[in-house]
Number of protein chains: 4
Amino acid sequence: MPKVSLLYKENTRDKILDSAKRLFEHKGYHETSMDDIVEASGLSKGAIYGYFDSKEALFESLQEKDYSELLQAAEKLLADEGSAKSKLERIADIYFLSHDSPSREQCRMSLQFSAASLSMRPVHGKVENQYVRIHALLTAILKEGIRNGEFKKGIDTDSIALVLFSTFKGLSVLWATTDTEIDWKSIRNALVKLTLDGISTDRK
Amino acid sequence: MPKVSLLYKENTRDKILDSAKRLFEHKGYHETSMDDIVEASGLSKGAIYGYFDSKEALFESLQEKDYSELLQAAEKLLADEGSAKSKLERIADIYFLSHDSPSREQCRMSLQFSAASLSMRPVHGKVENQYVRIHALLTAILKEGIRNGEFKKGIDTDSIALVLFSTFKGLSVLWATTDTEIDWKSIRNALVKLTLDGISTDRK
Amino acid sequence: MPKVSLLYKENTRDKILDSAKRLFEHKGYHETSMDDIVEASGLSKGAIYGYFDSKEALFESLQEKDYSELLQAAEKLLADEGSAKSKLERIADIYFLSHDSPSREQCRMSLQFSAASLSMRPVHGKVENQYVRIHALLTAILKEGIRNGEFKKGIDTDSIALVLFSTFKGLSVLWATTDTEIDWKSIRNALVKLTLDGISTDRK
Amino acid sequence: MPKVSLLYKENTRDKILDSAKRLFEHKGYHETSMDDIVEASGLSKGAIYGYFDSKEALFESLQEKDYSELLQAAEKLLADEGSAKSKLERIADIYFLSHDSPSREQCRMSLQFSAASLSMRPVHGKVENQYVRIHALLTAILKEGIRNGEFKKGIDTDSIALVLFSTFKGLSVLWATTDTEIDWKSIRNALVKLTLDGISTDRK
DNA sequence: GATGAATGAGATTTCATTCAT
DNA sequence: TATGAATGAAATCTCATTCAT
């Protein structure tokens with residue numbers, strides 16, 4: 001009985017989060033009203049405020065989810081077997097939560113978090129933290145690559161990590177704000193080629 | 001017929017735009033109220049609405065300014081003398097409107113435009129248009145480099161242009177949302193090295 | 001599903017309508033602010049906007065009510081038993097919603113609708129529609145009177161209907177705009193006498 | 001020189017009044033802004049406030065003009081030669097300022113005065129005063145008719161005067177608020193016939 | 001006098017949040 | 001616990017009027 005009610009609670013909470021996410025992605029945080037969420041979720045005002053203290057808290061929960069999933073997936077990489085090169089490739093995939101290609105919705109949500117980080121302290125904190133950890137992760141991979149001879153010794157790991165992260169971020173923003181279709185296969189190839197050509201030790 | 005000079009009106013308009021810009025950069029578009037702008041500009045509500053039809057129109061004017069300046073500077077590059085390589089370097093500088101380094105404020109403003117493009121049609125239009133034109137410009141530079149032998153023949157100009165633009169964009173977003181200090185010298189070097197190593201014909 | 005009864009909501013709606021009506025009658029539509037209505041109704045701003053989308057919508061609802069009641073009462077006449085003559089008399093009574101005499105308030109409200117019909121399309125539509133239907137009704141009564149021999153054959157039913165309607169309307173405007181006391185008994189008698197003398201077949 | 005400047009002043013004043021009138025007739029008093037009048041008149045804000053103390057004062061001036069013209073024309077009738085019957089006919093013509101038919105614009109303006117009389121004391125005063133004087137005039141004509149044997153002795157002059165005035169007013173409101181075309185010839189005939197049949201001594 | 005930029009009180013409307021039922 | 005009507009602070013915008021130039 002507690003189990004059922006817990007499950008029910010989780011479902012309700014998720015229903016709220018899903019509805020809100022869909023709306024935020026589509027119309028943006030400020031343009032979405034609590035009434036919109038009420039309507040979309042099929043729940044009542046009171047119910048929603050039973051699960052979340054405020055609209056901001058709801059937004060932060062969405063960010064928390066997004067943030068944890070991304071970081072968990074990414075940080076699992078480090079422990080994995082495989083070359084540094086393959087890790088770099090896989091982290092790109094993860095960042096875009098790709099099936100085949102990142103969803104525009106996901107990128108729009110991420111853009112919202114970035115924009116909101118200007119005025120919401122906790123959002124800012126997670127944005128910052130995410131950057132720091134992904135940067136550390138990329139740096140670690142690069143260093144691993146240097147250690148095992150895949151990558152050149154002299155490279156500026158810090159800067160390259162930052163450039164890589166920026167490129168992911170930038171592609172995400174572009175994808176979110178633009179109608180252009182992106183050929184993700186080509187992009188990934190171009191990006192990987194550029195990067196690896198620049199840092200790899202092997203001369204093909 | 002004007003009782004005050006056009007210059008006077010232009011100054012007042014700029015005073016409004018400047019005040020609004022400072023506030024938008026600092027607190028964000030939605031968190032800034034017209035009352036804030038009234039207070040910051042030292043003018044009255046009526047005066048501001050005499051120059052701009054709405055808060056949105058004011059925001060769009062800021063974007064228009066930003067957009068024109070950026071594009072003009074960038075497109076002037078193409079006509080300039082100089083190697084394709086040097087043009088690529090300079091376009092990076094321009095994108096960040098750098099003195100020494102891009103201003104965080106500028107990047108925050110740009111992030112606002114991206115975020116707003118979700119819900120404001122004219123903003124979206126300009127964001128899209130800007131992307132299209134910068135992409136075209138980068139592609140042109142890359143092709144020029146291929147023509148004059150600086151860059152390799154087989155490179156995917158479209159994708160590389162997109163990656164470059166994304167990296168600029170991503171750095172801008174990072175800079176806007178993060179407290180980290182960025183060592184722009186190193187970043188530029190890393191970026192230029194990565195890119196040029198990958199596409200240049202000269203083997204040092 | 002409603003947490004409060006429909007009756008409760010209906011009552012609240014009526015409370016708002018009543019308060020607004022009283023104010024509009026007294027000060028006029030434009031001179032009445034939503035704050036006035038808030039104060040008079042004892043509700044909050046939000047509550048009022050929960051029931052009506054705008055001040056204009058509230059005004060239109062008042063017209064709708066007025067309009068339906070009037071037309072229903074009038075059109076019921078046609079089905080009733082009685083001579084055409086008695087129907088004409090009764091329709092005059094109805095038009096002024098009389099107990100003994102039409103209320104000045106009612107007439108002021110009606111004047112507001114007329115004045116607003118210049119700038120509010122839906123209000124205009126109802127004003128127009130009301131005229132058309134009352135005119136049709138009057139014409140029908142006149143024709144009925146002709147058919148059953150009460151009224152002369154040659155009369156211009158269209159014009160007489162229009163004149164009658166105009167006289168009702170004009171009396172209403174006069175009553176609304178003037179401090180003069182009107183002796184409705186005398187007026188009705190004069191009007192009925194004038195009209196019936198002019199159109200009746202019986203020579204007394 | 002004083003003459004020219006006086007004439008000029010009159011012209012400017014009239015230009016303002018004309019522009020305002022046209023706008024009030026078309027959009028209504030409240031929906032017309034001083035800016036609208038500025039634009040329509042081609043003058044400046046300051047200029048208009050040089051001639052009129054306020055928007056209300058401007059409106060009242062228009063009423064004053066309307067009011068004087070109407071009353072003067074009407075009151076001249078009494079002194080004229082002619083039967084009481086013909087005077088009644090002519091006063092109908094005057095009330096609608098007819099060329100062939102009353103102008104819808106004129107009627108709309110008149111409706112504005114009626115509506116405004118609810119909230120503008122001086123406007124109310126003139127509306128009231130106009131009614132009193134026209135009523136007196138009509139009564140006088142009716143009594144003249146009785147004296148000279150045109151009209152029956154027993155008629156209720158007060159009530160008939162009021163009914164006549166109301167009918168004029170009502171037709172004016174109808175014409176102002178309705179899209180219907182009115183056949184003024186028929187209406188006048190119907191009205192005159194109804195009235196005169198009812199009050200005349202001659203049995204045709 | 002004429003001009004029109006500036007004023008600012010006040011209007012309408014929104015919407016996150018509360019709380020009686 | 002769930003509901004959704006009610007709240008009211010705060011936002012955007014208007015516009016008659018003023019007054020420095």
# chains A, B, ... in the order shown; residues from 1 in each chain; ligands from 1
>>> residues_around(residues="Ser19 of chain A", least_positions_apart="4", cutoff="7 Å", atoms="only C-alpha atoms (C1' of nucleotides)", output="list in words")
Lys15, Leu23, Ile37, Ala40 and Ser41 of chain A
>>> residues_around(residues="Gly125 of chain D", least_positions_apart="5", cutoff="10 Å", atoms="only C-alpha atoms (C1' of nucleotides)", output="MDAnalysis selection string")
(chainID C and resid 177:179) or (chainID D and resid 117 120 130:131)
>>> write_last_selection(atoms="N, CA, C and O atoms", output="short mmCIF file (atom, residue, chain, number, x, y, z; two decimals), in the first residue's frame")
data_model
loop_
_atom_site.label_atom_id
_atom_site.label_comp_id
_atom_site.auth_asym_id
_atom_site.auth_seq_id
_atom_site.Cartn_x
_atom_site.Cartn_y
_atom_site.Cartn_z
N THR C 177 -31.43 61.42 -19.86
CA THR C 177 -30.52 62.57 -19.93
C THR C 177 -31.07 63.83 -19.28
O THR C 177 -30.38 64.85 -19.21
N THR C 178 -32.28 63.75 -18.82
CA THR C 178 -32.99 64.94 -18.42
C THR C 178 -33.44 64.81 -16.97
O THR C 178 -33.66 63.70 -16.49
N ASP C 179 -33.53 65.90 -16.28
CA ASP C 179 -34.01 65.82 -14.89
C ASP C 179 -35.53 65.85 -14.80
O ASP C 179 -36.10 65.53 -13.76
N SER D 117 -23.71 63.57 -21.31
CA SER D 117 -24.45 64.36 -20.33
C SER D 117 -24.53 63.62 -18.99
O SER D 117 -24.80 64.20 -17.95
N MET D 120 -20.71 64.74 -17.71
CA MET D 120 -20.20 66.10 -17.82
C MET D 120 -21.32 67.09 -17.51
O MET D 120 -22.24 67.27 -18.31
N GLN D 130 -31.80 72.43 -23.86
CA GLN D 130 -32.30 72.28 -25.23
C GLN D 130 -33.68 71.62 -25.21
O GLN D 130 -34.61 72.08 -25.88
N TYR D 131 -33.76 70.57 -24.42
CA TYR D 131 -35.04 69.89 -24.33
C TYR D 131 -36.14 70.84 -23.85
O TYR D 131 -37.22 70.92 -24.44
#
>>> closest_atom_pairs(of="chain E", to="chain F", cutoff="8 Å", atoms="only C-alpha atoms (C1' of nucleotides)", output="CSV")
residue,atom,partner,partner_atom,distance
E:DT7,C1',F:DT18,C1',7.7
E:DA11,C1',F:DT14,C1',7.6
E:DT14,C1',F:DA11,C1',7.7
E:DT18,C1',F:DT7,C1',7.7
>>> interface_residues(of="chain C", to="chain F", cutoff="12 Å", atoms="only C-alpha atoms (C1' of nucleotides)", output="count of residues only")
20
>>> select_by_dssp(residues="segment 73-185 of chain A", states="alpha helix (DSSP H)", output="NGL selection string")
:A and (73-79 or 84-95 or 104-116 or 121-147 or 157-177 or 184-185)
>>> closest_atom_pairs(of="chain E", to="chain A", cutoff="9 Å", atoms="only C-alpha atoms (C1' of nucleotides)", output="CSV")
residue,atom,partner,partner_atom,distance
E:DC15,C1',A:Ser33,CA,7.1
E:DA16,C1',A:Met34,CA,7.3
E:DT17,C1',A:Ser54,CA,8.1
>>> closest_atom_pairs(of="segment 94-147 of chain D", to="segment 189-201 of chain D", cutoff="10 Å", atoms="only C-alpha atoms", output="tab-separated table")
residue	atom	partner	partner_atom	distance
D:Leu142	CA	D:Ile199	CA	9.1
D:Gly145	CA	D:Ser200	CA	8.8
D:Ile146	CA	D:Ser200	CA	9.0
